[in-house]
2 protein chains.
Amino acid sequence: MSQLDHSLIAGLPQFQGMTSEELDHVLANARSQRIAKDTTIFEQEGEANSFFLLLDGHVRVVKSTPDGQQVIVRYISSGELLGIAHALGRTTYPASAVAAVDCVVLAWPSRLWSRFSAQYPAFGVGTYKTVGSRLQEAHTRVIEMSTEQVEQRVAHALLRLANQTGKKTAEGVLIDFPISRQDIAEMTGTTLHTVSRLLSAWETKGLVRSGRQKVTVVEPHKLFMLAEGRPKKD
Amino acid sequence: MSQLDHSLIAGLPQFQGMTSEELDHVLANARSQRIAKDTTIFEQEGEANSFFLLLDGHVRVVKSTPDGQQVIVRYISSGELLGIAHALGRTTYPASAVAAVDCVVLAWPSRLWSRFSAQYPAFGVGTYKTVGSRLQEAHTRVIEMSTEQVEQRVAHALLRLANQTGKKTAEGVLIDFPISRQDIAEMTGTTLHTVSRLLSAWETKGLVRSGRQKVTVVEPHKLFMLAEGRPKKD
DNA sequence: CGGGGCGTTGACAGATGTCAACGTGTGTGG
DNA sequence: CCACACACGTTGACATCTGTCAACGCCCCG
């Protein structure tokens, strides 16, 4: 395994304040791994042998119900940790992770989790902060699912994706990984049919432009209005 | 302020492994407080000046949307921490907490949070474990909201309440604090009308007995069947 | 060039919210 | 101690959102 460079992780909150030697030590225990698009990184219920840092790409975290329905829990962007089952006190992964595009990850054996947390304060603090903010996200989502109609939920979901991973283009903000109607449906608790109808309607109104596995938000502000209030007509 | 007894907190995971002096120190900084039924313990968006341990009673944690709709995030039972905004890296409470019955709580100033975590390993570990398991609960709820019909969600919610706070009676398992149709609706993202209809139907089938602010699960197993599978008729 | 994955659209049905009216029992104040 | 008001619960009628079923078109990629 070739030596990995500090710059890969030096800027991330979890590794803040580490000396050069400490970064070396952390990286010496990591293995870097290329993940082809649509490959599973880890599987729900599988033994949580490793935890990961996404260096490049986008990863879809998916939970499946016993009867086979899938729900997309979140998308992970580069620089984020994933597979942190041990931070939740689990020994198996609570969900599956699939590369949405070709990805590069660093992987550490899970037993290093507690060592890192104990040894490097920033690591412990940073990751628990991550868990905390994911808890808040999850609650936000529960609130949305409880109080909003499908149209508002889909609008919110698109706006979040655009903010987190959006890429400015001439037409607007492009969600920069392939995403299907089915994917959006699994994020918002609806069906691909309803998502398709909504996107078509929005396209007519000029709010978005979308095509095969591709969505661009053209009018974020107007979409936000839709996501929030409930203007009957327009 | 009278001296508080070790036995109040000695058994809880967060205070495991502390010496008698340490427990004294922790309790010396706490103030114990009676909370009358329906009183607000802390308010959403309010400054998180304190964190709490529920010694006795039941507390409803509620989030309100800007337009006034409410969602019950969870019920807290005795022995659990609440108001742990600082564990999430927040300085304001993300939700409101209301006493569902007369309660007793211990309250500590929030600035002691980081001191306790640093000083008492079990406290830090225990509370992060709490956050972790709440994250998993929240995800479970997202999955349910995404994939289940209202009837299944309400059944699941009742079963959870019965498990967490149920009291065995001659008729079955009684949820041992006052809970209205409206409350159940706010837990499951539906309306009091639908909940009322469901409970009436279940009562006819002998699965539950319910009355004013009171629900008893008579046939947990059959209710579970309903919550899981989707038997068309019966 | 062809097949399969993705997307679109219409018709329809069913679950659940909305609106409205009416019980009922619990607690309070006279 | 009784009466009454109000919170909580029930139920029907109806509207509507959104899922289901079905058919079809269009690209991409092999």
# chains A, B, ... in the order shown; residues from 1 in each chain; ligands from 1
>>> residues_around(residues="Lys214 of chain A", least_positions_apart="2", cutoff="10 Å", atoms="only C-alpha atoms (C1' of nucleotides)", output="MDAnalysis selection string")
chainID A and resid 174:181 209:212 216
>>> write_last_selection(atoms="all heavy atoms", output="compact mmCIF listing (two decimals), in the first residue's frame")
# COMPACT_ATOMS: atom_id res chain seq x y z
N LEU A 174 -27.43 22.34 -10.69
CA LEU A 174 -27.55 20.95 -11.10
C LEU A 174 -27.14 20.02 -9.95
O LEU A 174 -26.10 20.21 -9.33
CB LEU A 174 -26.62 20.68 -12.29
CG LEU A 174 -26.43 19.22 -12.70
CD1 LEU A 174 -27.69 18.67 -13.35
CD2 LEU A 174 -25.23 19.08 -13.63
N ILE A 175 -27.98 19.04 -9.68
CA ILE A 175 -27.63 18.03 -8.69
C ILE A 175 -26.59 17.12 -9.33
O ILE A 175 -26.90 16.44 -10.33
CB ILE A 175 -28.88 17.24 -8.26
CG1 ILE A 175 -29.80 18.18 -7.48
CG2 ILE A 175 -28.50 16.05 -7.41
CD1 ILE A 175 -31.18 17.65 -7.26
N ASP A 176 -25.39 17.08 -8.75
CA ASP A 176 -24.29 16.58 -9.57
C ASP A 176 -23.98 15.09 -9.45
O ASP A 176 -22.83 14.67 -9.54
CB ASP A 176 -23.04 17.44 -9.39
CG ASP A 176 -22.16 16.96 -8.28
OD1 ASP A 176 -22.68 16.30 -7.38
OD2 ASP A 176 -20.94 17.24 -8.34
N PHE A 177 -25.01 14.30 -9.27
CA PHE A 177 -24.86 12.86 -9.44
C PHE A 177 -26.14 12.33 -10.05
O PHE A 177 -27.19 12.99 -9.96
CB PHE A 177 -24.52 12.16 -8.12
CG PHE A 177 -25.46 12.48 -7.00
CD1 PHE A 177 -26.66 11.80 -6.87
CD2 PHE A 177 -25.16 13.48 -6.09
CE1 PHE A 177 -27.54 12.10 -5.85
CE2 PHE A 177 -26.04 13.79 -5.06
CZ PHE A 177 -27.22 13.10 -4.94
N PRO A 178 -26.10 11.16 -10.64
CA PRO A 178 -27.29 10.65 -11.32
C PRO A 178 -28.36 10.30 -10.30
O PRO A 178 -28.09 9.60 -9.32
CB PRO A 178 -26.79 9.37 -12.01
CG PRO A 178 -25.30 9.41 -11.90
CD PRO A 178 -24.96 10.26 -10.75
N ILE A 179 -29.54 10.81 -10.51
CA ILE A 179 -30.65 10.55 -9.58
C ILE A 179 -31.92 10.34 -10.39
O ILE A 179 -32.27 11.15 -11.24
CB ILE A 179 -30.78 11.70 -8.58
CG1 ILE A 179 -31.83 11.36 -7.53
CG2 ILE A 179 -31.12 13.03 -9.27
CD1 ILE A 179 -31.82 12.30 -6.35
N SER A 180 -32.59 9.23 -10.12
CA SER A 180 -33.80 8.89 -10.87
C SER A 180 -35.05 9.32 -10.11
O SER A 180 -34.98 9.67 -8.93
CB SER A 180 -33.84 7.39 -11.12
OG SER A 180 -34.05 6.72 -9.88
N ARG A 181 -36.19 9.26 -10.78
CA ARG A 181 -37.47 9.55 -10.12
C ARG A 181 -37.68 8.58 -8.97
O ARG A 181 -38.17 8.94 -7.91
CB ARG A 181 -38.65 9.39 -11.09
CG ARG A 181 -38.41 9.96 -12.45
CD ARG A 181 -38.29 11.44 -12.43
NE ARG A 181 -38.14 11.99 -13.75
CZ ARG A 181 -37.36 13.03 -14.04
NH1 ARG A 181 -36.63 13.60 -13.11
NH2 ARG A 181 -37.30 13.49 -15.26
N ARG A 209 -35.43 21.95 -14.55
CA ARG A 209 -35.26 21.27 -15.82
C ARG A 209 -34.77 19.88 -15.45
O ARG A 209 -33.90 19.72 -14.59
CB ARG A 209 -34.18 21.94 -16.68
CG ARG A 209 -34.46 23.41 -16.97
CD ARG A 209 -34.13 23.73 -18.41
NE ARG A 209 -34.81 22.77 -19.26
CZ ARG A 209 -34.47 22.47 -20.53
NH1 ARG A 209 -33.45 23.07 -21.08
NH2 ARG A 209 -35.13 21.57 -21.22
N SER A 210 -35.31 18.87 -16.07
CA SER A 210 -34.90 17.54 -15.66
C SER A 210 -34.93 16.58 -16.83
O SER A 210 -35.62 16.80 -17.82
CB SER A 210 -35.81 17.02 -14.55
OG SER A 210 -37.05 16.64 -15.09
N GLY A 211 -34.14 15.56 -16.70
CA GLY A 211 -34.09 14.56 -17.75
C GLY A 211 -33.68 13.24 -17.13
O GLY A 211 -33.83 13.05 -15.92
N ARG A 212 -33.20 12.39 -17.93
CA ARG A 212 -32.80 11.06 -17.47
C ARG A 212 -31.73 11.17 -16.38
O ARG A 212 -30.61 11.60 -16.65
CB ARG A 212 -32.26 10.30 -18.68
CG ARG A 212 -32.08 8.84 -18.46
CD ARG A 212 -31.39 8.26 -19.69
NE ARG A 212 -31.20 6.83 -19.56
CZ ARG A 212 -32.16 5.94 -19.71
NH1 ARG A 212 -33.37 6.33 -20.02
NH2 ARG A 212 -31.89 4.65 -19.57
N THR A 216 -32.06 19.76 -12.57
CA THR A 216 -31.50 21.10 -12.36
C THR A 216 -32.58 21.99 -11.78
O THR A 216 -33.68 22.07 -12.31
CB THR A 216 -31.04 21.71 -13.70
OG1 THR A 216 -30.08 20.86 -14.30
CG2 THR A 216 -30.40 23.08 -13.47
>>> residues_around(residues="DT11 of chain D", least_positions_apart="2", cutoff="10 Å", atoms="only C-alpha atoms (C1' of nucleotides)", output="PDB file with all heavy atoms, in the first residue's frame")
ATOM      1  N   HIS B 193     -59.346  12.097  14.080  1.00  0.00           N
ATOM      2  CA  HIS B 193     -60.513  11.385  13.553  1.00  0.00           C
ATOM      3  C   HIS B 193     -60.134   9.971  13.130  1.00  0.00           C
ATOM      4  O   HIS B 193     -60.790   8.999  13.487  1.00  0.00           O
ATOM      5  CB  HIS B 193     -61.094  12.147  12.369  1.00  0.00           C
ATOM      6  CG  HIS B 193     -61.408  13.564  12.683  1.00  0.00           C
ATOM      7  ND1 HIS B 193     -62.535  13.931  13.358  1.00  0.00           N
ATOM      8  CD2 HIS B 193     -60.717  14.703  12.459  1.00  0.00           C
ATOM      9  CE1 HIS B 193     -62.560  15.244  13.524  1.00  0.00           C
ATOM     10  NE2 HIS B 193     -61.450  15.738  12.978  1.00  0.00           N
ATOM     11  N   SER B 196     -59.395   7.857  16.072  1.00  0.00           N
ATOM     12  CA  SER B 196     -60.631   7.471  16.747  1.00  0.00           C
ATOM     13  C   SER B 196     -61.305   6.305  16.028  1.00  0.00           C
ATOM     14  O   SER B 196     -61.715   5.319  16.642  1.00  0.00           O
ATOM     15  CB  SER B 196     -61.570   8.666  16.813  1.00  0.00           C
ATOM     16  OG  SER B 196     -62.769   8.329  17.477  1.00  0.00           O
ATOM     17  N   ARG B 197     -61.390   6.406  14.719  1.00  0.00           N
ATOM     18  CA  ARG B 197     -62.007   5.324  13.938  1.00  0.00           C
ATOM     19  C   ARG B 197     -61.243   4.016  14.115  1.00  0.00           C
ATOM     20  O   ARG B 197     -61.832   2.951  14.292  1.00  0.00           O
ATOM     21  CB  ARG B 197     -62.027   5.695  12.456  1.00  0.00           C
ATOM     22  CG  ARG B 197     -63.116   6.682  12.106  1.00  0.00           C
ATOM     23  CD  ARG B 197     -63.152   6.945  10.610  1.00  0.00           C
ATOM     24  NE  ARG B 197     -62.898   8.328  10.287  1.00  0.00           N
ATOM     25  CZ  ARG B 197     -63.849   9.264  10.184  1.00  0.00           C
ATOM     26  NH1 ARG B 197     -65.108   8.948  10.368  1.00  0.00           N
ATOM     27  NH2 ARG B 197     -63.536  10.509   9.902  1.00  0.00           N
TER      28      ARG B 197
ATOM     29  P    DA C  21     -73.366  21.571  11.134  1.00  0.00           P
ATOM     30  OP1  DA C  21     -74.395  22.228  10.311  1.00  0.00           O
ATOM     31  OP2  DA C  21     -72.490  22.374  12.015  1.00  0.00           O
ATOM     32  O5'  DA C  21     -74.044  20.451  12.008  1.00  0.00           O
ATOM     33  C5'  DA C  21     -74.373  19.209  11.420  1.00  0.00           C
ATOM     34  C4'  DA C  21     -74.357  18.153  12.495  1.00  0.00           C
ATOM     35  O4'  DA C  21     -72.993  17.743  12.740  1.00  0.00           O
ATOM     36  C3'  DA C  21     -74.918  18.656  13.836  1.00  0.00           C
ATOM     37  O3'  DA C  21     -76.037  17.867  14.188  1.00  0.00           O
ATOM     38  C2'  DA C  21     -73.740  18.512  14.798  1.00  0.00           C
ATOM     39  C1'  DA C  21     -72.883  17.456  14.122  1.00  0.00           C
ATOM     40  N9   DA C  21     -71.473  17.508  14.498  1.00  0.00           N
ATOM     41  C8   DA C  21     -70.649  18.602  14.559  1.00  0.00           C
ATOM     42  N7   DA C  21     -69.424  18.339  14.950  1.00  0.00           N
ATOM     43  C5   DA C  21     -69.444  16.961  15.154  1.00  0.00           C
ATOM     44  C6   DA C  21     -68.456  16.067  15.582  1.00  0.00           C
ATOM     45  N6   DA C  21     -67.204  16.424  15.872  1.00  0.00           N
ATOM     46  N1   DA C  21     -68.806  14.749  15.686  1.00  0.00           N
ATOM     47  C2   DA C  21     -70.059  14.406  15.390  1.00  0.00           C
ATOM     48  N3   DA C  21     -71.080  15.156  14.977  1.00  0.00           N
ATOM     49  C4   DA C  21     -70.700  16.441  14.879  1.00  0.00           C
ATOM     50  P    DC C  22     -76.925  18.224  15.469  1.00  0.00           P
ATOM     51  OP1  DC C  22     -78.340  18.076  15.066  1.00  0.00           O
ATOM     52  OP2  DC C  22     -76.443  19.467  16.114  1.00  0.00           O
ATOM     53  O5'  DC C  22     -76.536  16.999  16.406  1.00  0.00           O
ATOM     54  C5'  DC C  22     -76.219  15.745  15.793  1.00  0.00           C
ATOM     55  C4'  DC C  22     -75.440  14.935  16.789  1.00  0.00           C
ATOM     56  O4'  DC C  22     -74.055  15.325  16.790  1.00  0.00           O
ATOM     57  C3'  DC C  22     -75.935  15.104  18.227  1.00  0.00           C
ATOM     58  O3'  DC C  22     -76.292  13.830  18.722  1.00  0.00           O
ATOM     59  C2'  DC C  22     -74.742  15.700  18.961  1.00  0.00           C
ATOM     60  C1'  DC C  22     -73.589  15.195  18.115  1.00  0.00           C
ATOM     61  N1   DC C  22     -72.335  15.976  18.264  1.00  0.00           N
ATOM     62  C2   DC C  22     -71.149  15.294  18.558  1.00  0.00           C
ATOM     63  O2   DC C  22     -71.176  14.062  18.683  1.00  0.00           O
ATOM     64  N3   DC C  22     -69.996  16.004  18.710  1.00  0.00           N
ATOM     65  C4   DC C  22     -70.001  17.321  18.574  1.00  0.00           C
ATOM     66  N4   DC C  22     -68.845  17.965  18.721  1.00  0.00           N
ATOM     67  C5   DC C  22     -71.192  18.023  18.272  1.00  0.00           C
ATOM     68  C6   DC C  22     -72.334  17.328  18.125  1.00  0.00           C
ATOM     69  P    DG C  23     -77.078  13.681  20.032  1.00  0.00           P
ATOM     70  OP1  DG C  23     -78.355  13.030  19.790  1.00  0.00           O
ATOM     71  OP2  DG C  23     -77.045  14.931  20.828  1.00  0.00           O
ATOM     72  O5'  DG C  23     -76.155  12.579  20.646  1.00  0.00           O
ATOM     73  C5'  DG C  23     -75.515  12.782  21.840  1.00  0.00           C
ATOM     74  C4'  DG C  23     -74.565  11.619  21.936  1.00  0.00           C
ATOM     75  O4'  DG C  23     -73.298  12.101  21.462  1.00  0.00           O
ATOM     76  C3'  DG C  23     -74.389  11.204  23.367  1.00  0.00           C
ATOM     77  O3'  DG C  23     -73.983   9.854  23.442  1.00  0.00           O
ATOM     78  C2'  DG C  23     -73.295  12.144  23.843  1.00  0.00           C
ATOM     79  C1'  DG C  23     -72.448  12.313  22.582  1.00  0.00           C
ATOM     80  N9   DG C  23     -71.871  13.659  22.432  1.00  0.00           N
ATOM     81  C8   DG C  23     -72.465  14.798  21.971  1.00  0.00           C
ATOM     82  N7   DG C  23     -71.671  15.832  21.943  1.00  0.00           N
ATOM     83  C5   DG C  23     -70.464  15.339  22.406  1.00  0.00           C
ATOM     84  C6   DG C  23     -69.225  15.998  22.595  1.00  0.00           C
ATOM     85  O6   DG C  23     -68.934  17.178  22.376  1.00  0.00           O
ATOM     86  N1   DG C  23     -68.263  15.124  23.098  1.00  0.00           N
ATOM     87  C2   DG C  23     -68.478  13.794  23.371  1.00  0.00           C
ATOM     88  N2   DG C  23     -67.435  13.114  23.848  1.00  0.00           N
ATOM     89  N3   DG C  23     -69.626  13.164  23.192  1.00  0.00           N
ATOM     90  C4   DG C  23     -70.578  13.998  22.712  1.00  0.00           C
TER      91       DG C  23
ATOM     92  P    DG D   9     -59.702  11.593  23.916  1.00  0.00           P
ATOM     93  OP1  DG D   9     -59.081  10.413  24.524  1.00  0.00           O
ATOM     94  OP2  DG D   9     -59.013  12.365  22.871  1.00  0.00           O
ATOM     95  O5'  DG D   9     -61.130  11.162  23.363  1.00  0.00           O
ATOM     96  C5'  DG D   9     -62.056  10.531  24.230  1.00  0.00           C
ATOM     97  C4'  DG D   9     -63.293  10.155  23.445  1.00  0.00           C
ATOM     98  O4'  DG D   9     -64.005  11.351  23.090  1.00  0.00           O
ATOM     99  C3'  DG D   9     -63.008   9.409  22.140  1.00  0.00           C
ATOM    100  O3'  DG D   9     -63.734   8.198  22.154  1.00  0.00           O
ATOM    101  C2'  DG D   9     -63.477  10.367  21.041  1.00  0.00           C
ATOM    102  C1'  DG D   9     -64.496  11.218  21.780  1.00  0.00           C
ATOM    103  N9   DG D   9     -64.653  12.562  21.240  1.00  0.00           N
ATOM    104  C8   DG D   9     -63.718  13.557  21.140  1.00  0.00           C
ATOM    105  N7   DG D   9     -64.180  14.659  20.625  1.00  0.00           N
ATOM    106  C5   DG D   9     -65.516  14.377  20.359  1.00  0.00           C
ATOM    107  C6   DG D   9     -66.527  15.178  19.790  1.00  0.00           C
ATOM    108  O6   DG D   9     -66.457  16.348  19.396  1.00  0.00           O
ATOM    109  N1   DG D   9     -67.735  14.502  19.694  1.00  0.00           N
ATOM    110  C2   DG D   9     -67.935  13.200  20.105  1.00  0.00           C
ATOM    111  N2   DG D   9     -69.162  12.713  19.940  1.00  0.00           N
ATOM    112  N3   DG D   9     -67.003  12.440  20.649  1.00  0.00           N
ATOM    113  C4   DG D   9     -65.823  13.090  20.737  1.00  0.00           C
ATOM    114  P    DA D  13     -74.071   8.652   6.068  1.00  0.00           P
ATOM    115  OP1  DA D  13     -75.515   8.563   5.808  1.00  0.00           O
ATOM    116  OP2  DA D  13     -73.170   7.521   5.723  1.00  0.00           O
ATOM    117  O5'  DA D  13     -73.497   9.960   5.357  1.00  0.00           O
ATOM    118  C5'  DA D  13     -73.814  11.247   5.893  1.00  0.00           C
ATOM    119  C4'  DA D  13     -73.158  12.295   5.017  1.00  0.00           C
ATOM    120  O4'  DA D  13     -71.819  12.569   5.516  1.00  0.00           O
ATOM    121  C3'  DA D  13     -72.986  11.874   3.555  1.00  0.00           C
ATOM    122  O3'  DA D  13     -73.194  13.019   2.746  1.00  0.00           O
ATOM    123  C2'  DA D  13     -71.544  11.371   3.505  1.00  0.00           C
ATOM    124  C1'  DA D  13     -70.862  12.322   4.497  1.00  0.00           C
ATOM    125  N9   DA D  13     -69.664  11.787   5.146  1.00  0.00           N
ATOM    126  C8   DA D  13     -69.432  10.504   5.556  1.00  0.00           C
ATOM    127  N7   DA D  13     -68.262  10.326   6.124  1.00  0.00           N
ATOM    128  C5   DA D  13     -67.689  11.581   6.088  1.00  0.00           C
ATOM    129  C6   DA D  13     -66.446  12.058   6.535  1.00  0.00           C
ATOM    130  N6   DA D  13     -65.527  11.297   7.138  1.00  0.00           N
ATOM    131  N1   DA D  13     -66.173  13.370   6.351  1.00  0.00           N
ATOM    132  C2   DA D  13     -67.108  14.136   5.746  1.00  0.00           C
ATOM    133  N3   DA D  13     -68.312  13.797   5.287  1.00  0.00           N
ATOM    134  C4   DA D  13     -68.541  12.491   5.489  1.00  0.00           C
TER     135       DA D  13
END
>>> interface_residues(of="chain D", to="chain A", cutoff="12 Å", atoms="only C-alpha atoms (C1' of nucleotides)", output="PyMOL selection string")
chain D and resi 17-21+26-28
>>> write_last_selection(atoms="all heavy atoms", output="short mmCIF file (atom, residue, chain, number, x, y, z; two decimals), in the first residue's frame")
data_model
loop_
_atom_site.label_atom_id
_atom_site.label_comp_id
_atom_site.auth_asym_id
_atom_site.auth_seq_id
_atom_site.Cartn_x
_atom_site.Cartn_y
_atom_site.Cartn_z
P DC D 17 -56.24 17.78 -3.96
OP1 DC D 17 -56.46 19.16 -3.53
OP2 DC D 17 -56.20 17.44 -5.39
"O5'" DC D 17 -54.90 17.24 -3.26
"C5'" DC D 17 -54.96 16.88 -1.90
"C4'" DC D 17 -54.33 15.51 -1.65
"O4'" DC D 17 -55.25 14.45 -1.97
"C3'" DC D 17 -53.07 15.23 -2.46
"O3'" DC D 17 -52.11 14.72 -1.55
"C2'" DC D 17 -53.52 14.20 -3.51
"C1'" DC D 17 -54.62 13.46 -2.77
N1 DC D 17 -55.70 12.86 -3.60
C2 DC D 17 -56.19 11.56 -3.30
O2 DC D 17 -55.68 10.92 -2.39
N3 DC D 17 -57.20 11.06 -4.05
C4 DC D 17 -57.73 11.77 -5.04
N4 DC D 17 -58.74 11.23 -5.73
C5 DC D 17 -57.25 13.08 -5.35
C6 DC D 17 -56.25 13.58 -4.62
P DT D 18 -50.60 14.61 -1.88
OP1 DT D 18 -49.88 14.67 -0.60
OP2 DT D 18 -50.28 15.53 -2.98
"O5'" DT D 18 -50.47 13.12 -2.40
"C5'" DT D 18 -50.83 12.08 -1.49
"C4'" DT D 18 -50.99 10.77 -2.22
"O4'" DT D 18 -52.20 10.73 -3.00
"C3'" DT D 18 -49.85 10.44 -3.21
"O3'" DT D 18 -49.47 9.14 -2.91
"C2'" DT D 18 -50.52 10.54 -4.56
"C1'" DT D 18 -51.92 10.06 -4.19
N1 DT D 18 -53.00 10.35 -5.17
C2 DT D 18 -53.99 9.43 -5.33
O2 DT D 18 -54.03 8.38 -4.72
N3 DT D 18 -54.95 9.76 -6.25
C4 DT D 18 -55.01 10.92 -7.00
O4 DT D 18 -55.92 11.12 -7.80
C5 DT D 18 -53.94 11.86 -6.78
C7 DT D 18 -53.90 13.14 -7.54
C6 DT D 18 -53.00 11.53 -5.89
P DG D 19 -48.07 8.51 -3.25
OP1 DG D 19 -47.28 8.64 -2.03
OP2 DG D 19 -47.54 9.00 -4.53
"O5'" DG D 19 -48.48 6.97 -3.41
"C5'" DG D 19 -49.23 6.37 -2.36
"C4'" DG D 19 -50.14 5.30 -2.95
"O4'" DG D 19 -51.14 5.92 -3.79
"C3'" DG D 19 -49.42 4.28 -3.83
"O3'" DG D 19 -49.88 2.98 -3.51
"C2'" DG D 19 -49.79 4.69 -5.25
"C1'" DG D 19 -51.17 5.29 -5.05
N9 DG D 19 -51.52 6.31 -6.05
C8 DG D 19 -50.87 7.50 -6.30
N7 DG D 19 -51.43 8.21 -7.24
C5 DG D 19 -52.52 7.45 -7.63
C6 DG D 19 -53.51 7.70 -8.63
O6 DG D 19 -53.62 8.69 -9.37
N1 DG D 19 -54.43 6.66 -8.71
C2 DG D 19 -54.40 5.53 -7.93
N2 DG D 19 -55.37 4.64 -8.15
N3 DG D 19 -53.50 5.27 -7.00
C4 DG D 19 -52.59 6.27 -6.91
P DT D 20 -49.15 1.74 -4.17
OP1 DT D 20 -49.17 0.69 -3.15
OP2 DT D 20 -47.89 2.19 -4.79
"O5'" DT D 20 -50.13 1.33 -5.36
"C5'" DT D 20 -51.49 1.05 -5.08
"C4'" DT D 20 -52.19 0.61 -6.35
"O4'" DT D 20 -52.50 1.77 -7.17
"C3'" DT D 20 -51.39 -0.34 -7.24
"O3'" DT D 20 -52.25 -1.42 -7.60
"C2'" DT D 20 -51.00 0.51 -8.44
"C1'" DT D 20 -52.15 1.50 -8.51
N1 DT D 20 -51.86 2.83 -9.12
C2 DT D 20 -52.71 3.31 -10.08
O2 DT D 20 -53.68 2.69 -10.49
N3 DT D 20 -52.38 4.55 -10.58
C4 DT D 20 -51.30 5.34 -10.20
O4 DT D 20 -51.10 6.43 -10.71
C5 DT D 20 -50.46 4.76 -9.18
C7 DT D 20 -49.26 5.53 -8.70
C6 DT D 20 -50.77 3.55 -8.69
P DC D 21 -51.65 -2.70 -8.35
OP1 DC D 21 -52.39 -3.86 -7.82
OP2 DC D 21 -50.18 -2.65 -8.29
"O5'" DC D 21 -52.11 -2.47 -9.85
"C5'" DC D 21 -53.44 -2.05 -10.10
"C4'" DC D 21 -53.66 -1.82 -11.58
"O4'" DC D 21 -53.35 -0.43 -11.90
"C3'" DC D 21 -52.79 -2.68 -12.51
"O3'" DC D 21 -53.62 -3.14 -13.56
"C2'" DC D 21 -51.72 -1.70 -12.98
"C1'" DC D 21 -52.51 -0.40 -13.03
N1 DC D 21 -51.70 0.85 -12.94
C2 DC D 21 -52.10 1.96 -13.69
O2 DC D 21 -53.10 1.89 -14.41
N3 DC D 21 -51.36 3.09 -13.61
C4 DC D 21 -50.28 3.14 -12.82
N4 DC D 21 -49.58 4.28 -12.76
C5 DC D 21 -49.87 2.02 -12.05
C6 DC D 21 -50.60 0.89 -12.14
P DC D 26 -41.14 9.14 -28.82
OP1 DC D 26 -41.45 10.52 -29.20
OP2 DC D 26 -40.97 8.08 -29.83
"O5'" DC D 26 -39.83 9.16 -27.92
"C5'" DC D 26 -39.88 9.77 -26.64
"C4'" DC D 26 -38.57 9.52 -25.94
"O4'" DC D 26 -38.60 8.21 -25.31
"C3'" DC D 26 -37.36 9.51 -26.86
"O3'" DC D 26 -36.32 10.16 -26.18
"C2'" DC D 26 -37.07 8.03 -27.04
"C1'" DC D 26 -37.42 7.52 -25.66
N1 DC D 26 -37.75 6.08 -25.53
C2 DC D 26 -37.19 5.36 -24.47
O2 DC D 26 -36.45 5.94 -23.68
N3 DC D 26 -37.49 4.03 -24.35
C4 DC D 26 -38.30 3.45 -25.23
N4 DC D 26 -38.57 2.15 -25.06
C5 DC D 26 -38.89 4.17 -26.31
C6 DC D 26 -38.58 5.47 -26.43
P DC D 27 -35.62 11.41 -26.93
OP1 DC D 27 -35.87 12.59 -26.12
OP2 DC D 27 -35.91 11.39 -28.40
"O5'" DC D 27 -34.10 11.03 -26.78
"C5'" DC D 27 -33.80 9.66 -26.62
"C4'" DC D 27 -33.15 9.44 -25.28
"O4'" DC D 27 -33.66 8.20 -24.73
"C3'" DC D 27 -31.67 9.26 -25.40
"O3'" DC D 27 -31.13 9.51 -24.13
"C2'" DC D 27 -31.58 7.80 -25.79
"C1'" DC D 27 -32.70 7.17 -24.95
N1 DC D 27 -33.42 6.06 -25.62
C2 DC D 27 -33.41 4.77 -25.04
O2 DC D 27 -32.78 4.59 -24.00
N3 DC D 27 -34.06 3.77 -25.65
C4 DC D 27 -34.75 3.99 -26.77
N4 DC D 27 -35.40 2.97 -27.33
C5 DC D 27 -34.78 5.29 -27.37
C6 DC D 27 -34.11 6.29 -26.77
P DC D 28 -29.77 10.31 -24.01
OP1 DC D 28 -30.08 11.30 -22.98
OP2 DC D 28 -29.20 10.67 -25.33
"O5'" DC D 28 -28.82 9.21 -23.39
"C5'" DC D 28 -29.14 7.87 -23.71
"C4'" DC D 28 -28.50 6.94 -22.73
"O4'" DC D 28 -29.11 5.67 -22.95
"C3'" DC D 28 -27.02 6.74 -23.00
"O3'" DC D 28 -26.42 6.21 -21.84
"C2'" DC D 28 -27.06 5.77 -24.17
"C1'" DC D 28 -28.31 4.90 -23.85
N1 DC D 28 -29.15 4.59 -25.05
C2 DC D 28 -29.73 3.32 -25.17
O2 DC D 28 -29.53 2.48 -24.29
N3 DC D 28 -30.48 3.04 -26.25
C4 DC D 28 -30.70 3.96 -27.19
N4 DC D 28 -31.46 3.64 -28.24
C5 DC D 28 -30.12 5.26 -27.09
C6 DC D 28 -29.36 5.54 -26.01
#
>>> interface_residues(of="chain C", to="chain A", cutoff="12 Å", atoms="only C-alpha atoms (C1' of nucleotides)", output="ChimeraX atom specification")
/C:5-10,17
>>> closest_residue(among="A:Ser146, A:Thr165, A:Thr19, A:Asn49", to="chain B", atoms="only C-alpha atoms")
A:Ser146
>>> residues_around(residues="DT26 of chain C", least_positions_apart="4", cutoff="12 Å", atoms="only C-alpha atoms (C1' of nucleotides)", output="list in words")
Arg212 and Gln213 of chain B; DC4, DA5, DC6, DA7 and DC8 of chain D
>>> write_last_selection(atoms="C-alpha atoms (C1' of nucleotides)", output="JSON list (two decimals), in the first residue's frame")
[["chain", "number", "residue", "atom", "x", "y", "z"],
["B", 212, "ARG", "CA", -60.99, 9.06, 27.73],
["B", 213, "GLN", "CA", -57.20, 9.60, 27.71],
["D", 4, "DC", "C1'", -73.21, 22.72, 33.94],
["D", 5, "DA", "C1'", -69.54, 23.67, 30.74],
["D", 6, "DC", "C1'", -65.85, 22.11, 28.24],
["D", 7, "DA", "C1'", -62.58, 18.92, 26.75],
["D", 8, "DC", "C1'", -62.50, 14.69, 24.66]]
